[in-house]
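The data block below is my_file-v4.txt; it holds compact mmCIF, C-alpha atoms.
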```txt
# COMPACT_ATOMS: atom_id res chain seq x y z
CA MET A 24 -46.76 -71.70 -47.27
CA SER A 25 -44.93 -74.86 -46.40
CA LYS A 26 -42.76 -73.20 -43.84
CA VAL A 27 -41.59 -73.26 -40.29
CA TYR A 28 -40.81 -70.27 -38.13
CA TYR A 29 -37.02 -70.47 -38.55
CA ASP A 30 -36.89 -70.84 -42.35
CA HIS A 31 -35.64 -67.28 -42.79
CA LEU A 32 -32.52 -68.16 -40.79
CA ILE A 33 -31.58 -71.09 -42.98
CA VAL A 34 -30.06 -70.52 -46.39
CA LEU A 35 -28.12 -73.53 -47.61
CA ASP A 36 -27.94 -72.76 -51.32
CA ASP A 37 -24.52 -74.40 -51.73
CA ILE A 38 -25.73 -77.68 -50.30
CA GLU A 39 -28.73 -77.65 -52.62
CA LYS A 40 -26.54 -77.03 -55.68
CA LYS A 41 -24.20 -79.86 -54.77
CA ILE A 42 -27.05 -82.28 -54.17
CA LYS A 43 -28.45 -81.35 -57.56
CA LYS A 44 -25.12 -82.23 -59.11
CA ILE A 45 -24.88 -85.55 -57.33
CA ALA A 46 -28.46 -86.87 -57.50
CA GLN A 47 -29.19 -88.97 -60.55
CA THR A 48 -32.96 -88.56 -60.58
CA GLN A 49 -35.58 -86.18 -59.28
CA GLU A 50 -36.74 -88.78 -56.75
CA GLU A 51 -33.22 -89.11 -55.39
CA ARG A 52 -32.80 -85.36 -55.26
CA GLU A 53 -36.01 -84.90 -53.29
CA GLU A 54 -35.15 -87.75 -50.93
CA LEU A 55 -31.77 -86.15 -50.16
CA TRP A 56 -33.40 -82.74 -49.69
CA GLN A 57 -35.89 -84.32 -47.30
CA LEU A 58 -33.12 -85.94 -45.26
CA VAL A 59 -31.38 -82.58 -44.89
CA ASP A 60 -34.68 -81.00 -43.90
CA ASP A 61 -35.29 -83.66 -41.23
CA ILE A 62 -31.82 -83.17 -39.78
CA ILE A 63 -32.40 -79.41 -39.63
CA HIS A 64 -35.72 -79.82 -37.77
CA HIS A 65 -34.13 -82.05 -35.12
CA ARG A 66 -31.06 -79.89 -34.67
CA VAL A 67 -33.01 -76.62 -34.47
CA LEU A 68 -35.61 -77.93 -32.05
CA ALA A 69 -32.86 -79.36 -29.84
CA CYS A 70 -31.03 -76.02 -29.96
CA VAL A 71 -34.22 -74.18 -28.97
CA LEU A 72 -35.07 -76.54 -26.11
CA ASP A 73 -31.49 -76.51 -24.83
CA ASN A 74 -31.82 -72.77 -24.32
CA LEU A 75 -35.47 -72.35 -23.39
CA PRO A 76 -36.28 -72.71 -19.66
CA LYS A 77 -37.83 -76.10 -19.02
CA ASP A 78 -41.04 -74.59 -17.60
CA ASN A 79 -41.78 -73.12 -21.02
CA HIS A 80 -41.24 -76.29 -23.04
CA LYS A 81 -44.81 -77.54 -22.95
CA GLU A 82 -46.33 -74.18 -23.84
CA PHE A 83 -43.87 -73.66 -26.67
CA LEU A 84 -44.47 -77.12 -28.11
CA GLY A 85 -48.21 -76.55 -28.02
CA MET A 86 -47.78 -73.32 -29.98
CA PHE A 87 -45.37 -75.01 -32.38
CA HIS A 88 -47.88 -77.77 -33.04
CA GLU A 89 -50.72 -75.33 -33.65
CA ALA A 90 -48.83 -73.01 -36.00
CA PRO A 91 -45.32 -74.17 -36.93
CA HIS A 92 -45.02 -71.28 -39.39
CA SER A 93 -45.95 -68.48 -37.01
CA LEU A 94 -43.29 -65.87 -36.39
CA ASN A 95 -44.92 -65.39 -32.99
CA LEU A 96 -42.90 -68.45 -31.99
CA MET A 97 -39.69 -66.55 -32.53
CA ASP A 98 -41.05 -63.64 -30.48
CA TYR A 99 -41.95 -66.08 -27.74
CA LEU A 100 -38.41 -67.47 -27.71
CA LYS A 101 -36.79 -64.04 -27.79
CA GLU A 102 -38.76 -63.03 -24.72
CA ARG A 103 -37.70 -66.07 -22.73
CA ILE A 104 -34.16 -66.80 -23.85
CA LYS A 105 -31.44 -64.46 -22.64
CA GLU A 106 -29.08 -65.13 -25.50
CA ASN A 107 -29.83 -64.21 -29.09
CA ILE A 108 -31.77 -67.28 -30.19
CA GLU A 109 -31.65 -66.35 -33.87
CA GLU A 110 -27.87 -66.25 -33.69
CA LEU A 111 -27.79 -69.57 -31.85
CA ILE A 112 -29.92 -71.20 -34.55
CA LYS A 113 -27.73 -69.68 -37.27
CA GLN A 114 -24.63 -71.05 -35.54
CA GLU A 115 -26.20 -74.49 -35.24
CA ILE A 116 -27.09 -74.52 -38.93
CA GLY A 117 -23.70 -73.08 -39.87
CA GLY A 118 -22.06 -76.02 -38.12
CA LEU A 119 -24.40 -78.43 -39.85
CA ALA A 120 -23.61 -76.85 -43.22
CA SER A 121 -19.88 -77.49 -42.68
CA GLU A 122 -20.58 -81.11 -41.76
CA LEU A 123 -22.80 -81.58 -44.81
CA LEU A 124 -20.24 -80.06 -47.15
CA LYS A 125 -17.70 -82.59 -45.87
CA ASP A 126 -20.22 -85.39 -46.40
CA LEU A 127 -20.66 -84.25 -49.98
CA GLN A 128 -17.01 -84.81 -50.79
CA GLU A 129 -14.95 -87.94 -51.14
CA ARG A 130 -12.91 -88.74 -48.04
CA GLU A 131 -9.26 -89.39 -48.54
CA MET B 25 12.21 -80.04 -55.09
CA VAL B 26 9.71 -77.72 -56.79
CA LYS B 27 6.23 -77.92 -55.43
CA THR B 28 3.48 -78.13 -57.99
CA ALA B 29 0.99 -75.29 -57.77
CA ALA B 30 -1.90 -77.43 -58.82
CA LYS B 31 -4.30 -78.10 -55.99
CA LYS B 32 -5.98 -81.42 -55.72
CA LYS B 33 -9.66 -80.85 -56.29
CA LYS B 34 -11.93 -82.91 -54.05
CA LYS B 35 -14.45 -85.03 -55.88
CA ASN B 36 -18.13 -85.18 -55.03
CA VAL B 37 -19.39 -88.47 -53.64
CA SER B 38 -21.86 -90.70 -55.47
CA SER B 39 -25.55 -90.28 -54.72
CA GLU B 40 -25.68 -93.64 -52.92
CA VAL B 41 -22.78 -92.73 -50.63
CA LEU B 42 -24.35 -89.36 -49.89
CA ARG B 43 -27.69 -91.00 -49.18
CA GLN B 44 -26.06 -93.36 -46.69
CA ARG B 45 -24.19 -90.53 -44.98
CA LEU B 46 -27.28 -88.37 -44.71
CA LYS B 47 -29.35 -91.26 -43.40
CA LEU B 48 -26.71 -91.87 -40.76
CA LYS B 49 -26.60 -88.20 -39.82
CA HIS B 50 -30.39 -88.13 -39.70
CA LEU B 51 -30.46 -91.16 -37.42
CA GLU B 52 -27.85 -89.61 -35.15
CA ALA B 53 -29.81 -86.34 -34.88
CA LYS B 54 -33.05 -88.22 -34.24
CA ASN B 55 -31.56 -90.55 -31.61
CA LYS B 56 -29.75 -87.76 -29.83
CA PHE B 57 -32.98 -85.78 -29.72
CA SER B 58 -35.01 -88.77 -28.47
CA GLU B 59 -32.54 -89.47 -25.71
CA LYS B 60 -32.42 -85.89 -24.54
CA TYR B 61 -36.10 -85.02 -24.99
CA PRO B 62 -38.15 -88.23 -24.82
CA ASP B 63 -41.20 -86.31 -23.56
CA VAL B 64 -41.14 -84.00 -26.53
CA GLU B 65 -41.15 -86.85 -28.97
CA LYS B 66 -44.02 -88.42 -27.05
CA PHE B 67 -45.94 -85.13 -27.04
CA LEU B 68 -45.60 -84.68 -30.79
CA LYS B 69 -46.49 -88.32 -31.40
CA GLU B 70 -49.66 -87.93 -29.36
CA LYS B 71 -50.56 -84.93 -31.48
CA GLY B 72 -50.05 -87.06 -34.59
CA VAL B 73 -47.07 -85.11 -35.85
CA GLN B 74 -43.51 -86.18 -36.43
CA LEU B 75 -40.75 -83.65 -36.94
CA GLU B 76 -40.14 -85.19 -40.36
CA ASP B 77 -43.68 -84.21 -41.40
CA VAL B 78 -43.70 -80.73 -39.95
CA ARG B 79 -43.76 -79.00 -43.36
CA LYS B 80 -46.77 -80.93 -44.54
CA HIS B 81 -48.45 -80.31 -41.19
CA SER B 82 -47.66 -76.62 -41.57
CA ALA B 83 -49.02 -76.53 -45.13
CA LYS B 84 -52.31 -78.08 -44.00
CA ILE B 85 -52.71 -75.56 -41.20
CA ILE B 86 -51.89 -72.60 -43.40
CA GLY B 87 -54.22 -73.85 -46.12
CA ALA B 88 -57.06 -74.19 -43.63
CA GLY B 89 -56.25 -70.81 -42.11
CA ALA B 90 -56.24 -69.08 -45.48
CA ILE B 91 -59.71 -70.39 -46.23
CA THR B 92 -61.33 -69.74 -42.87
CA GLY B 93 -59.36 -66.60 -42.09
CA THR B 94 -58.58 -67.94 -38.65
CA ILE B 95 -57.05 -65.11 -36.67
CA LEU B 96 -54.96 -67.50 -34.59
CA LEU B 97 -52.95 -68.58 -37.57
CA THR B 98 -52.03 -65.23 -38.98
CA PRO B 99 -50.32 -62.41 -37.15
CA PRO B 100 -52.64 -59.59 -36.02
CA GLY B 101 -53.21 -57.06 -38.74
CA ASP B 102 -52.30 -59.39 -41.56
CA ALA B 103 -55.80 -60.46 -42.37
CA GLN B 104 -57.59 -57.62 -44.04
CA ILE B 105 -60.57 -57.06 -46.22
CA LEU B 106 -59.27 -55.23 -49.23
CA PRO B 107 -61.24 -52.79 -51.31
CA ALA B 108 -61.45 -53.27 -55.08
CA PRO B 109 -58.20 -52.54 -56.99
CA ASN B 110 -59.61 -49.39 -58.59
CA GLU B 111 -60.43 -47.95 -55.14
CA ILE B 112 -56.85 -48.50 -53.98
CA ILE B 113 -55.48 -47.00 -57.18
CA GLU B 114 -57.70 -43.92 -56.75
CA LYS B 115 -56.52 -43.59 -53.17
CA LEU B 116 -52.88 -43.80 -54.22
CA LYS B 117 -53.50 -41.15 -56.86
CA ASP B 118 -55.09 -38.88 -54.25
CA GLN B 119 -52.02 -39.33 -52.08
CA GLY B 120 -49.80 -38.36 -55.00
CA ARG B 121 -48.10 -41.74 -54.98
CA VAL B 122 -49.27 -42.49 -58.51
CA GLU B 123 -48.99 -39.83 -61.14
CA GLY B 124 -51.12 -39.83 -64.24
CA VAL B 125 -52.53 -42.88 -65.94
CA ASP B 126 -49.75 -43.61 -68.43
CA THR B 127 -47.54 -45.68 -66.18
CA PRO B 128 -49.28 -48.98 -65.58
CA GLN B 129 -46.08 -50.54 -64.28
CA LYS B 130 -45.69 -47.88 -61.62
CA LEU B 131 -49.34 -48.25 -60.81
CA LEU B 132 -48.83 -51.98 -60.34
CA VAL B 133 -45.72 -51.59 -58.18
CA ASP B 134 -47.31 -48.92 -55.98
CA THR B 135 -50.47 -50.94 -55.55
CA LEU B 136 -48.51 -54.08 -54.69
CA ALA B 137 -46.45 -52.14 -52.16
CA SER B 138 -49.60 -50.88 -50.50
CA VAL B 139 -51.28 -54.26 -50.14
CA LEU B 140 -48.52 -56.84 -49.71
CA PRO B 141 -47.10 -57.57 -46.26
CA ASN B 142 -43.54 -56.40 -45.56
CA GLU B 143 -42.42 -59.90 -44.69
CA ILE B 144 -42.97 -62.75 -47.10
CA ARG B 145 -45.79 -64.98 -45.90
CA SER B 146 -48.70 -66.89 -47.38
CA LEU B 147 -51.48 -64.60 -48.52
CA THR B 148 -55.08 -64.78 -47.40
CA ARG B 149 -57.74 -65.66 -49.96
CA SER B 150 -59.04 -62.09 -49.93
CA GLU B 151 -55.55 -60.77 -50.70
CA GLU B 152 -55.21 -63.27 -53.51
CA LYS B 153 -58.62 -62.34 -54.93
CA PHE B 154 -57.59 -58.71 -54.92
CA LEU B 155 -54.38 -59.51 -56.81
CA GLU B 156 -56.28 -61.59 -59.35
CA GLN B 157 -58.40 -58.54 -60.17
CA LEU B 158 -55.35 -56.29 -60.21
CA PHE B 159 -53.46 -58.53 -62.65
CA GLN B 160 -56.52 -58.85 -64.86
CA ASN B 161 -57.00 -55.07 -64.92
CA ILE B 162 -53.38 -54.01 -65.38
CA LEU B 163 -51.62 -56.94 -67.02
CA GLY B 164 -54.61 -58.29 -68.91
CA VAL B 165 -53.83 -61.82 -67.74
CA ASN B 166 -56.51 -64.03 -66.26
CA ALA B 167 -54.51 -65.51 -63.39
CA ARG B 168 -55.77 -67.45 -60.38
CA ALA B 169 -54.24 -68.38 -57.04
CA THR B 170 -56.55 -71.39 -57.00
CA LEU B 171 -57.32 -73.08 -60.29
CA GLU B 172 -59.51 -76.16 -60.64
CA GLY B 173 -59.23 -76.60 -56.86
CA GLU B 174 -55.42 -76.63 -56.90
CA HIS B 175 -53.40 -74.16 -54.86
CA LEU B 176 -49.69 -74.00 -54.17
CA ASN B 177 -48.49 -73.82 -50.58
CA THR B 178 -47.64 -70.23 -51.24
CA THR B 179 -48.32 -67.69 -53.97
CA PHE B 180 -46.03 -65.00 -52.53
CA GLY B 181 -42.41 -66.00 -52.08
CA ARG B 182 -38.84 -65.69 -53.27
CA ILE B 183 -37.81 -66.90 -56.69
CA GLY B 184 -34.27 -68.11 -57.35
CA ALA B 185 -32.21 -68.61 -60.49
CA GLU B 186 -32.24 -72.08 -62.02
CA GLN B 187 -30.13 -73.65 -64.73
CA HIS B 188 -31.22 -74.68 -68.20
CA LEU B 189 -32.81 -78.11 -68.47
CA ARG B 190 -31.84 -80.81 -70.94
CA ARG B 191 -34.65 -80.93 -73.47
CA TYR B 192 -33.82 -84.16 -75.32
CA PRO B 193 -31.07 -86.78 -75.10
CA GLY B 194 -27.79 -85.25 -76.21
CA ASP B 195 -28.88 -81.66 -75.59
CA VAL B 196 -26.04 -79.34 -74.54
CA LEU B 197 -25.83 -75.84 -73.15
CA ILE B 198 -24.73 -74.13 -76.35
CA ASN B 199 -28.05 -75.11 -77.96
CA HIS B 200 -29.85 -72.87 -75.47
CA GLY B 201 -28.89 -69.51 -76.93
CA SER B 202 -26.03 -67.15 -76.36
CA GLY B 203 -24.78 -64.48 -73.98
CA ASP B 204 -25.97 -64.01 -70.41
CA VAL B 205 -28.59 -66.74 -70.51
CA LEU B 206 -25.82 -69.34 -70.69
CA THR B 207 -24.10 -68.16 -67.51
CA GLU B 208 -26.16 -70.35 -65.18
CA GLY B 209 -25.20 -73.47 -67.11
CA ILE B 210 -27.24 -76.60 -67.66
CA ALA B 211 -28.57 -78.84 -64.88
CA PRO B 212 -26.77 -82.17 -64.60
CA GLY B 213 -30.04 -84.00 -63.97
CA LEU B 214 -33.36 -83.83 -65.75
CA GLY B 215 -36.37 -81.76 -64.78
CA ALA B 216 -39.18 -83.33 -62.75
CA TRP B 217 -40.93 -84.47 -65.95
CA GLY B 218 -37.83 -85.79 -67.67
CA TYR B 219 -36.85 -84.81 -71.18
CA PHE B 220 -39.19 -82.45 -72.98
CA ALA B 221 -38.91 -84.68 -76.07
CA GLN B 222 -37.50 -88.16 -76.47
CA SER B 223 -35.30 -87.14 -79.41
CA LYS B 224 -34.08 -84.04 -81.17
CA THR B 225 -36.37 -84.76 -84.10
CA ALA B 226 -39.39 -84.92 -81.78
CA PHE B 227 -38.44 -81.59 -80.21
CA THR B 228 -40.88 -78.88 -81.32
CA PRO B 229 -40.75 -75.06 -81.19
CA ASP B 230 -43.50 -75.17 -78.53
CA LEU B 231 -41.33 -77.34 -76.31
CA GLU B 232 -38.39 -75.02 -76.93
CA GLU B 233 -40.50 -72.15 -75.59
CA THR B 234 -41.59 -74.29 -72.64
CA GLU B 235 -38.01 -74.81 -71.51
CA ARG B 236 -36.99 -71.25 -72.31
CA TRP B 237 -39.73 -69.87 -70.05
CA TYR B 238 -39.89 -72.50 -67.35
CA ALA B 239 -40.73 -72.16 -63.68
CA VAL B 240 -40.03 -74.34 -60.66
CA VAL B 241 -42.55 -74.80 -57.85
CA GLN B 242 -42.46 -76.80 -54.63
CA THR B 243 -44.83 -79.58 -55.58
CA LEU B 244 -42.84 -81.88 -53.30
CA TYR B 245 -44.16 -80.04 -50.23
CA LEU B 246 -47.84 -80.11 -51.24
CA PRO B 247 -49.67 -81.91 -48.43
CA ASP B 248 -51.55 -84.13 -50.89
CA TRP B 249 -48.75 -84.64 -53.43
CA ASN B 250 -48.20 -88.29 -52.55
CA THR B 251 -51.83 -89.24 -52.10
CA ARG B 252 -53.23 -87.71 -55.30
CA GLN B 253 -50.98 -89.29 -57.89
CA PRO B 254 -50.83 -89.53 -60.84
CA TYR B 255 -53.42 -86.76 -61.15
CA LEU B 256 -51.33 -83.97 -59.60
CA ARG B 257 -48.26 -84.88 -61.57
CA GLY B 258 -50.23 -84.54 -64.79
CA TRP B 259 -51.98 -81.39 -63.64
CA TYR B 260 -48.79 -79.53 -62.83
CA LYS B 261 -46.81 -80.63 -65.88
CA TYR B 262 -46.13 -77.51 -67.99
CA ARG B 263 -48.93 -75.66 -66.17
CA LYS B 264 -48.78 -71.99 -67.10
CA VAL B 265 -48.09 -69.54 -64.31
CA LEU B 266 -47.91 -65.77 -64.13
CA ILE B 267 -44.87 -64.52 -62.22
CA VAL B 268 -44.77 -60.89 -61.13
CA ASN B 269 -41.68 -59.29 -59.63
CA THR B 270 -43.18 -57.30 -56.77
CA ASP B 271 -40.20 -54.93 -56.64
CA ASN B 272 -40.36 -53.67 -60.22
CA GLY B 273 -43.58 -55.00 -61.72
CA ASN B 274 -41.92 -57.03 -64.46
CA ALA B 275 -44.15 -59.97 -65.33
CA VAL B 276 -43.70 -63.15 -67.27
CA VAL B 277 -45.83 -66.17 -68.17
CA ALA B 278 -43.91 -69.38 -67.59
CA SER B 279 -44.61 -73.11 -67.58
CA ILE B 280 -43.89 -75.40 -64.65
CA ALA B 281 -41.15 -77.85 -65.66
CA ASP B 282 -39.38 -78.79 -62.44
CA SER B 283 -39.92 -79.32 -58.74
CA GLY B 284 -38.12 -77.36 -56.02
CA PRO B 285 -36.30 -75.52 -54.61
CA ALA B 286 -35.51 -77.20 -51.28
CA ALA B 287 -37.27 -75.46 -48.39
CA TRP B 288 -34.00 -74.70 -46.61
CA THR B 289 -32.74 -72.38 -49.33
CA GLY B 290 -34.96 -69.44 -48.37
CA LYS B 291 -36.56 -69.68 -51.83
CA HIS B 292 -40.04 -70.86 -52.83
CA PHE B 293 -39.90 -70.81 -56.63
CA GLY B 294 -37.36 -71.05 -59.40
CA GLY B 295 -37.06 -69.49 -62.82
CA SER B 296 -35.16 -70.38 -65.98
CA PRO B 297 -32.30 -68.05 -66.95
CA GLU B 298 -34.61 -66.30 -69.40
CA VAL B 299 -37.37 -65.90 -66.81
CA MET B 300 -34.94 -64.44 -64.28
CA ASP B 301 -33.33 -62.18 -66.86
CA TYR B 302 -36.70 -60.72 -67.77
CA LEU B 303 -37.86 -60.36 -64.19
CA GLY B 304 -34.80 -58.54 -62.95
CA GLY B 305 -31.89 -58.46 -65.38
CA PRO B 306 -28.74 -60.54 -65.87
CA ARG B 307 -27.56 -60.24 -62.26
CA TYR B 308 -30.92 -61.03 -60.70
CA LYS B 309 -30.56 -64.22 -58.62
CA LYS B 310 -33.29 -64.02 -56.01
CA GLY B 311 -36.23 -61.80 -55.21
CA PRO B 312 -39.87 -61.59 -54.11
CA VAL B 313 -42.58 -62.51 -56.60
CA ILE B 314 -46.24 -63.40 -56.84
CA LEU B 315 -46.91 -66.64 -58.70
CA PHE B 316 -50.45 -67.50 -59.87
CA PHE B 317 -51.81 -70.11 -62.29
CA VAL B 318 -52.88 -68.76 -65.67
CA ASP B 319 -56.48 -69.65 -66.48
CA ASP B 320 -56.00 -70.46 -70.14
CA PRO B 321 -58.11 -73.48 -71.14
CA GLU B 322 -57.77 -72.76 -74.85
CA ASN B 323 -54.03 -72.19 -74.69
CA ASN B 324 -54.19 -68.64 -75.99
CA VAL B 325 -51.73 -66.99 -73.61
CA PRO B 326 -48.17 -67.11 -74.98
CA LEU B 327 -45.23 -67.95 -72.76
CA GLY B 328 -42.73 -65.17 -72.12
CA PRO B 329 -42.79 -61.51 -71.12
CA VAL B 330 -46.06 -59.75 -70.37
CA GLU B 331 -45.43 -56.47 -72.15
CA TYR B 332 -47.97 -54.16 -70.63
CA ASN B 333 -45.85 -51.06 -70.44
CA LYS B 334 -43.66 -49.15 -72.81
CA LEU B 335 -41.09 -48.18 -70.25
CA ASN B 336 -39.93 -49.76 -67.07
CA LEU B 337 -39.49 -47.96 -63.81
CA PRO B 338 -36.31 -45.93 -63.63
CA GLU B 339 -35.36 -47.44 -60.30
CA GLY B 340 -35.05 -51.15 -59.65
CA ALA B 341 -35.98 -52.26 -63.12
CA LEU B 342 -33.22 -53.33 -65.41
CA HIS B 343 -35.06 -53.72 -68.68
CA GLU B 344 -36.66 -51.56 -71.22
CA ILE B 345 -39.66 -53.42 -72.46
```

Would you mind writing the file out in C-alpha cells?
Amino acid sequence: MSKVYYDHLIVLDDIEKKIKKIAQTQEEREELWQLVDDIIHHRVLACVLDNLPKDNHKEFLGMFHEAPHSLNLMDYLKERIKENIEELIKQEIGGLASELLKDLQERE
Amino acid sequence: MVKTAAKKKKKNVSSEVLRQRLKLKHLEAKNKFSEKYPDVEKFLKEKGVQLEDVRKHSAKIIGAGAITGTILLTPPGDAQILPAPNEIIEKLKDQGRVEGVDTPQKLLVDTLASVLPNEIRSLTRSEEKFLEQLFQNILGVNARATLEGEHLNTTFGRIGAEQHLRRYPGDVLINHGSGDVLTEGIAPGLGAWGYFAQSKTAFTPDLEETERWYAVVQTLYLPDWNTRQPYLRGWYKYRKVLIVNTDNGNAVVASIADSGPAAWTGKHFGGSPEVMDYLGGPRYKKGPVILFFVDDPENNVPLGPVEYNKLNLPEGALHEI
C-alpha cells in the first residue's frame, strides 16, 4: 500500500473535492494533489521531530526510512513523546487544511 | 438602510493561481524544514530518499515485503499461512458461526472477518491467494491480486464515492439516469482516459456500462507508473476489477476509468454512484473493500453486480439482490 504511518490521521476530503473542481486536466489534478502531499510530509515530520527528544531522532529516521508505512513508528513515538502525538499531528494538519481552504478561494 | 440577506459567495481560484500558491507553500514548508533540520535532510538524501518520494519508496518496500514475507515489514502476527478456504469454512461451521449452506453471502462475510486484519493494511501474497480461491468458490469470479505481473499498491482499502464522468462532449448529468444515482453529480473534469467516446454518435451501450460501473484506483502512486508508459496507461484503461464490500459481502465487477483518490483522503479506491449504491446503498460514502483484477481474457464477465445470493444479510446490507 502506498502509505505512510500517519495516513489514518489525515482526511482532507474537502480539499480534494475543491481541487477536482478547479483542475482542468487529470495531470493538473495529480500535480496539485502531489503538492499537497509534499507539504503534509514536511509539516508532519517537522511536528514529530519538534516533539521527539533529539536523542531519538536518528533511530526514528532509520525506522522511517526502512518502513515508512509501519504503525510501529506511531507506537515508537507514543512511547517517547509525553503529549498525545496523534492529536498534535491532527492539529498540525487541521491548521494546514484551513490554510489550504483559504488558498483555494479568491482573495478580496 | 435595509441590509441585503444575500451573502457574497467566495469564488474558487483558477488552477494556475492555486498551483502557484501551493508551490509557494511547498517551498516554505521545505525551506523551513531544511533550516530547522539540516541533518535530517542530509540523512534522507544519503539514503536516496526525498520526502516528496516517500510514497513511492513506501510502495516499493511494501511490494518487496509482500513477496518475500519479510517479518520486519509487517507487524508481528500479520503474516500467516492460511489454510484452504474450505477448511476455514468448515471450521466456522463447527464453531456455529456459519449456519447451513444456503447463505453464501454470510459465508463470505464470516470468512472475510476471520482472515482479514482488523486494521486496513496491504495484504500478504498468501492472504491474497486465499481470497482469490474464496472469490472463485463463492462468487464464481476468477479474480487475481496480481494479473499479468501487475499489482496495485493495495488490494485491501477504503473505497469512496465518486461522481459521474462525462462520457462524450456535451454529456450532462441528467443523461446518467434518475433518482439517487444523480445525487453525487457529475465531475467537472474528465476521467483519467478522457471522454469514453469522442461524440454522442460514437457512444456505445458497452461504453455506457463502462461508465455506469466504473472504479477509481491510485495508479498515480504506482512506483513504476512514470517509467513504464505508455504500457501501464493502456493496461489499466477500463481494466475489469472485482470489488467486494468486506462488511456485507456485496460484490460488483467494475472497470477502471479514473485515477485517484488522493492519498491524504483516507481512501484508496473510488466507485461510481452505481457501484457505491450496489456495494452499500444510497447513503454509502466510504467503506472497506477488497479490489482484485478480473482475469477475463475473452471478455465474458459482465460489468455490474455479482448476484451470488438470493438474499442479503439482514444487518449491514442495504439491498435485496

Find the residues near region 106-116 of chain A: any atom within 12 Å, counting only C-alpha atoms, skip ones fewer than 6 places away on the same chain, and give them as a PyMOL selection string. (chain A and resi 28-35+38+59-60+62-76+94+96-100+122-123) or (chain B and resi 288)

Could you name the residues that touch Ile45 (chain A) at 7 Å or less, counting only C-alpha atoms, but leaving out those on the same chain fewer than 4 positions away, as an mmCIF file with C-alpha atoms, keeping the file's coordinate frame?
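Done, and the output landed in around-v2.cif:
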```cif
data_model
loop_
_atom_site.group_PDB
_atom_site.id
_atom_site.type_symbol
_atom_site.label_atom_id
_atom_site.label_comp_id
_atom_site.auth_asym_id
_atom_site.auth_seq_id
_atom_site.Cartn_x
_atom_site.Cartn_y
_atom_site.Cartn_z
ATOM 1 C CA LYS A 41 -24.200 -79.860 -54.770
ATOM 2 C CA SER B 38 -21.860 -90.700 -55.470
ATOM 3 C CA SER B 39 -25.550 -90.280 -54.720
#
```

Pull out every residue of chain B that has at least one atom within 8 Å of chain A, counting only C-alpha atoms, and report them as a PyMOL selection string. chain B and resi 34-39+42-43+45-47+49-50+53-54+57+64+68+71+73+75-76+78-80+82-83+85-87+97-99+145-146+176-179+211-216+244-246+286-290

Test item: which residues lie within 10 Å of (-38.1, -64.5, -58.1) counting all atoms listed in the file, as an MDAnalysis selection string: chainID B and resid 180:185 239 267:271 291:295 299:300 303:304 308:315

Would you work out the distance separating CA of Tyr262 (chain B) from CA of Trp237 (chain B), expressed in Å to one decimal? 10.2 Å

In Å, with one decimal, what is the gap from CA of His81 (chain B) to CA of Glu65 (chain B)? 15.7 Å

Let me have the centre and edge lengths of the axis-aligned box enclosing all listed atoms of region 41-57 of chain B with 6 Å padding on every side, in Å to one decimal, as JSON.
```
{"center_x": -27.9, "center_y": -89.6, "center_z": -40.2, "size_x": 22.3, "size_y": 19.6, "size_z": 32.9}
```

Contacts of Val265 (chain B) at 6 Å (only C-alpha atoms; same-chain gap of 3+ positions) as a PyMOL selection string: chain B and resi 277-279+316-318

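The smallest atom-to-atom distance between Asp301 (chain B) and any of B:Val276, B:Val241, B:Val330, B:Leu256, using only C-alpha atoms, is found for B:Val276.
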
Spatial neighbours of Ser223 (chain B), max dist 10 Å, only C-alpha atoms, sep filter under 5 positions, as a PyMOL selection string: chain B and resi 191-195

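The coordinates place CA of Tyr302 (chain B) at 14.3 Å from CA of Gln129 (chain B).
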
With a distance cut-off of 12 Å and only C-alpha atoms, select the neighbouring residues of Ile198 (chain B), excluding the residue or stretch itself and same-chain residues fewer than 3 positions from it, and output the selection as a ChimeraX atom specification. /B:188-190,194-195,201-210

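Nearest to Ser283 (chain B) of all the residues B:Asp230, B:Asn199, B:Glu186, B:Gly328 is B:Glu186, based on all atoms listed in the file.
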
Can you save region 27-36 of chain A of the given block to a file, including N, CA and C atoms and formatted as an mmCIF file, in the first residue's frame?
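The file below, part.cif, is the result:
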```
data_model
loop_
_atom_site.group_PDB
_atom_site.id
_atom_site.type_symbol
_atom_site.label_atom_id
_atom_site.label_comp_id
_atom_site.auth_asym_id
_atom_site.auth_seq_id
_atom_site.Cartn_x
_atom_site.Cartn_y
_atom_site.Cartn_z
ATOM 1 N N VAL A 27 1.928 5.977 4.390
ATOM 2 C CA VAL A 27 2.861 6.318 5.453
ATOM 3 C C VAL A 27 2.105 6.188 6.783
ATOM 4 N N TYR A 28 2.876 6.124 7.847
ATOM 5 C CA TYR A 28 2.303 5.691 9.124
ATOM 6 C C TYR A 28 1.252 6.641 9.696
ATOM 7 N N TYR A 29 1.167 7.865 9.176
ATOM 8 C CA TYR A 29 0.180 8.808 9.734
ATOM 9 C C TYR A 29 -1.025 9.034 8.812
ATOM 10 N N ASP A 30 -1.123 8.240 7.749
ATOM 11 C CA ASP A 30 -2.229 8.442 6.800
ATOM 12 C C ASP A 30 -3.607 8.411 7.461
ATOM 13 N N HIS A 31 -3.750 7.548 8.463
ATOM 14 C CA HIS A 31 -5.072 7.408 9.090
ATOM 15 C C HIS A 31 -5.498 8.660 9.850
ATOM 16 N N LEU A 32 -4.540 9.563 10.095
ATOM 17 C CA LEU A 32 -4.866 10.793 10.831
ATOM 18 C C LEU A 32 -5.240 11.935 9.885
ATOM 19 N N ILE A 33 -5.076 11.694 8.596
ATOM 20 C CA ILE A 33 -5.246 12.788 7.636
ATOM 21 C C ILE A 33 -6.402 12.501 6.693
ATOM 22 N N VAL A 34 -7.455 13.252 6.848
ATOM 23 C CA VAL A 34 -8.610 13.099 5.962
ATOM 24 C C VAL A 34 -8.996 14.485 5.461
ATOM 25 N N LEU A 35 -8.553 14.782 4.252
ATOM 26 C CA LEU A 35 -8.803 16.118 3.695
ATOM 27 C C LEU A 35 -9.714 16.017 2.467
ATOM 28 N N ASP A 36 -10.846 15.387 2.667
ATOM 29 C CA ASP A 36 -11.797 15.180 1.561
ATOM 30 C C ASP A 36 -12.214 16.490 0.889
#
```
